[in-house]
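J.: Have a look at this one before I ask anything.
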There are 2 protein chains.
Amino acid sequence: MFVEVKYKTMLYSSELIKGTLRTIILKLLCDQQKMYGYEITQTVKDLTKGRIQLTEGALYPTLHAMESEGLLTTEVEYIGKRVRKYYSVSKQGKAKAGEKINEFAEFMETMRVLLNLDLGTLKVQ
Amino acid sequence: MFVEVKYKTMLYSSELIKGTLRTIILKLLCDQQKMYGYEITQTVKDLTKGRIQLTEGALYPTLHAMESEGLLTTEVEYIGKRVRKYYSVSKQGKAKAGEKINEFAEFMETMRVLLNLDLGTLKVQ
DNA sequence: AAACATACATAAAACTCTTAGGTATCAAAT
DNA sequence: ATTTGATACCTAAGAGTTTTATGTATGTTT
């Protein structure tokens with residue numbers, strides 16, 4: 001009869017997350033070598049303390065697109081009867097990851113200046 | 001016969017800017033009291049050294065929407081025969097600005113952690 | 001006179017994401 | 001036993017935002 005509240009803070013209104021999905025995927029896959037879709041959603045949820053929750057409707061089509069663009073490669077694995085599709089970054093994907101992450105970092109700095117934010121005082125609990 | 005290069009760095013691939021337009025507008029109008037559309041595009045371009053260039057096709061409809069939502073108020077002025085439409089933030093607009101800027105700051109911090117960025121070493125020239 | 005900058009505006013198309021639905025396996029609780 | 005919840009994949013309609021393209025008009029610079 002009690003509802004467990006996992007995360008104190010709200011989800012971001014999703015408009016901000018737009019345009020960051022590919023960057024997030026590339027970064028995680030560069031760090032972890034190989035991951036499957038569902039694992040990516042859970043990892044992002046954990047790492048962001050629930051603040052960013054990727055929807056499957058956005059994730060899967062994006063993974064498929066990135067594979068067809070040659071950024072990711074796949075290998076299927078069976079866990080009992082259940083299918084798992086692992087994604088890894090290709091050489092191109094690694095290059096792209098570098099670009100994307102760099103671009104995002106610069107974008108953040110530009111926005112920090114534009115919005116006159118003092119990130120030194122910001123603490124995300 | 002020489003082309004003047006105003007800005008060294010590239011524009012951001014625009015996907016990142018998505019979702020930040022309203023925040024930028026509210027922030028600028030809170031600081032400047034009143035601004036007109038074209039002025040907003042130029043100010044953002046200058047403040048970001050050409051990295052963010054708002055398109056008019058995105059800006060004007062957004063300003064209209066924000067006015068109809070009660071976030072902004074307008075007053076028309078004539079410079080010779082040319083029309084200028086000044087926008088100011090309403091009381092609601094000011095509250096919204098606070099929320100939006102805060103949300104963006106938290107989002108940036110979350111992304112910093114997620115992408116493992118070291119912003120201390122980042123210098124935007 | 002032409003080109004460029006100022007200043008507004010709209011509308012079709014493109015792009016990305018949400019919402020909503022579907023299938024199926026496995027574990028835990030009722 | 002069966003329902004619920006978690007795991008795991010997927011697609012498609014609709015919503016929302018932005019780009020691209022276009023239009024109008026005035027003022028300034030070349």
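Labeling convention for the structure tokens: chains A, B, ... as they appear, residues from 1 per chain, ligands from 1 in order of appearance.
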Taking the DSSP secondary structure from the backbone, can you list the residues of segment 8-79 of chain A that are strand (DSSP E), as an MDAnalysis selection string?

T.: chainID A and resid 35:36 72:79

J.: Next, the residues of the selection above should be written as a JSON list (two decimals), in the first residue's frame with C-alpha atoms.

T.:
```json
[["chain", "number", "residue", "atom", "x", "y", "z"],
["A", 35, "MET", "CA", 25.10, -2.72, -25.13],
["A", 36, "TYR", "CA", 21.56, -3.66, -26.10],
["A", 72, "LEU", "CA", 26.91, 1.01, -35.27],
["A", 73, "THR", "CA", 27.22, -2.72, -35.81],
["A", 74, "THR", "CA", 25.04, -5.43, -34.29],
["A", 75, "GLU", "CA", 25.17, -8.99, -33.07],
["A", 76, "VAL", "CA", 22.23, -10.99, -31.82],
["A", 77, "GLU", "CA", 22.42, -13.12, -28.72],
["A", 78, "TYR", "CA", 19.94, -15.48, -27.13],
["A", 79, "ILE", "CA", 19.28, -15.48, -23.42]]
```

J.: Quick one: pick out all helix (DSSP H, G or I) residues within chain B from a backbone DSSP run and write them as a count of residues only.

T.: 67

J.: Show me, as a PyMOL selection string, the residues that have an atom within 12 Å of Asp46 of chain A when counting only C-alpha atoms (C1' of nucleotides), minus same-chain residues fewer than 5 positions from it.

T.: (chain A and resi 6-7+39-41+51-54) or (chain B and resi 110+113-114)

J.: Write down, as a VMD selection string, each residue of chain A that has any atom within 10 Å of an atom of chain D, counting only C-alpha atoms (C1' of nucleotides).

T.: chain A and resid 15 18 36 to 39 56 to 57 60 to 61 82 to 85

J.: Record the distance separating atom CA of Lys96 of chain A and atom CA of Gly50 of chain A, expressed in Å with one decimal.

T.: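 Rounded to one decimal, the two atoms are 26.6 Å apart.
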
J.: Would you mind reading off the distance between atom CA of Gln42 of chain A and atom C1' of DC15 of chain C, one decimal, in Å?

T.: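 It comes out at 25.8 Å.
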
J.: Taking only residues of chain B that have an atom at most 10 Å from an atom of chain A, what is each one's shortest atom pair and its distance in Å to one decimal, using only C-alpha atoms, in chain and number order, as CSV?

T.:
```
residue,atom,partner,partner_atom,distance
B:Met10,CA,A:Glu103,CA,9.8
B:Leu11,CA,A:Phe107,CA,9.7
B:Tyr12,CA,A:Glu103,CA,7.2
B:Ser13,CA,A:Glu103,CA,8.4
B:Ser14,CA,A:Gly19,CA,8.4
B:Glu15,CA,A:Gly19,CA,4.7
B:Leu16,CA,A:Gly19,CA,5.0
B:Ile17,CA,A:Gly19,CA,8.0
B:Lys18,CA,A:Lys18,CA,6.6
B:Gly19,CA,A:Glu15,CA,4.8
B:Thr20,CA,A:Leu16,CA,6.8
B:Thr23,CA,A:Leu115,CA,8.4
B:Ile24,CA,A:Leu115,CA,7.0
B:Ile25,CA,A:Leu115,CA,10.0
B:Leu26,CA,A:Leu115,CA,9.7
B:Lys27,CA,A:Leu115,CA,6.4
B:Leu28,CA,A:Leu115,CA,8.0
B:Asp31,CA,A:Leu115,CA,10.0
B:Thr43,CA,A:Leu114,CA,9.8
B:Val44,CA,A:Leu114,CA,7.6
B:Asp46,CA,A:Leu114,CA,9.9
B:Leu47,CA,A:Leu114,CA,6.4
B:Thr48,CA,A:Thr110,CA,6.1
B:Lys49,CA,A:Thr110,CA,9.0
B:Arg51,CA,A:Thr110,CA,7.8
B:Ile52,CA,A:Thr110,CA,8.5
B:Lys100,CA,A:Ser13,CA,9.7
B:Ile101,CA,A:Leu115,CA,7.4
B:Asn102,CA,A:Leu117,CA,9.1
B:Glu103,CA,A:Tyr12,CA,7.3
B:Phe104,CA,A:Leu16,CA,7.6
B:Ala105,CA,A:Leu117,CA,7.1
B:Glu106,CA,A:Val124,CA,6.8
B:Phe107,CA,A:Tyr12,CA,7.2
B:Met108,CA,A:Met108,CA,6.9
B:Glu109,CA,A:Val124,CA,6.8
B:Thr110,CA,A:Thr48,CA,6.1
B:Met111,CA,A:Thr48,CA,8.1
B:Arg112,CA,A:Ala105,CA,8.2
B:Val113,CA,A:Thr48,CA,7.8
B:Leu114,CA,A:Leu47,CA,6.3
B:Leu115,CA,A:Lys27,CA,6.4
B:Asn116,CA,A:Lys27,CA,9.0
B:Leu117,CA,A:Ala105,CA,7.1
B:Asp118,CA,A:Ala105,CA,8.6
B:Leu119,CA,A:Ala105,CA,7.3
B:Gly120,CA,A:Gly120,CA,9.9
B:Leu122,CA,A:Glu106,CA,7.6
B:Lys123,CA,A:Glu109,CA,7.9
B:Val124,CA,A:Glu106,CA,6.8
```

J.: If I take atom CA of Ser88 of chain B and atom CA of Gln33 of chain B, how far is one from the other in Å, to one decimal?

T.: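 Between atom CA of Ser88 of chain B and atom CA of Gln33 of chain B the gap is 6.0 Å.
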
J.: Taking only C-alpha atoms (C1' of nucleotides) into account, find every residue of chain C that has an atom no more than 12 Å from chain A, and write it out as a list of chain:residue names.

T.: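 In the required form, that comes to C:DC15, C:DT16, C:DC17, C:DT18, C:DT19, C:DA20, C:DG21, C:DT23, C:DA24, C:DT25, C:DC26.
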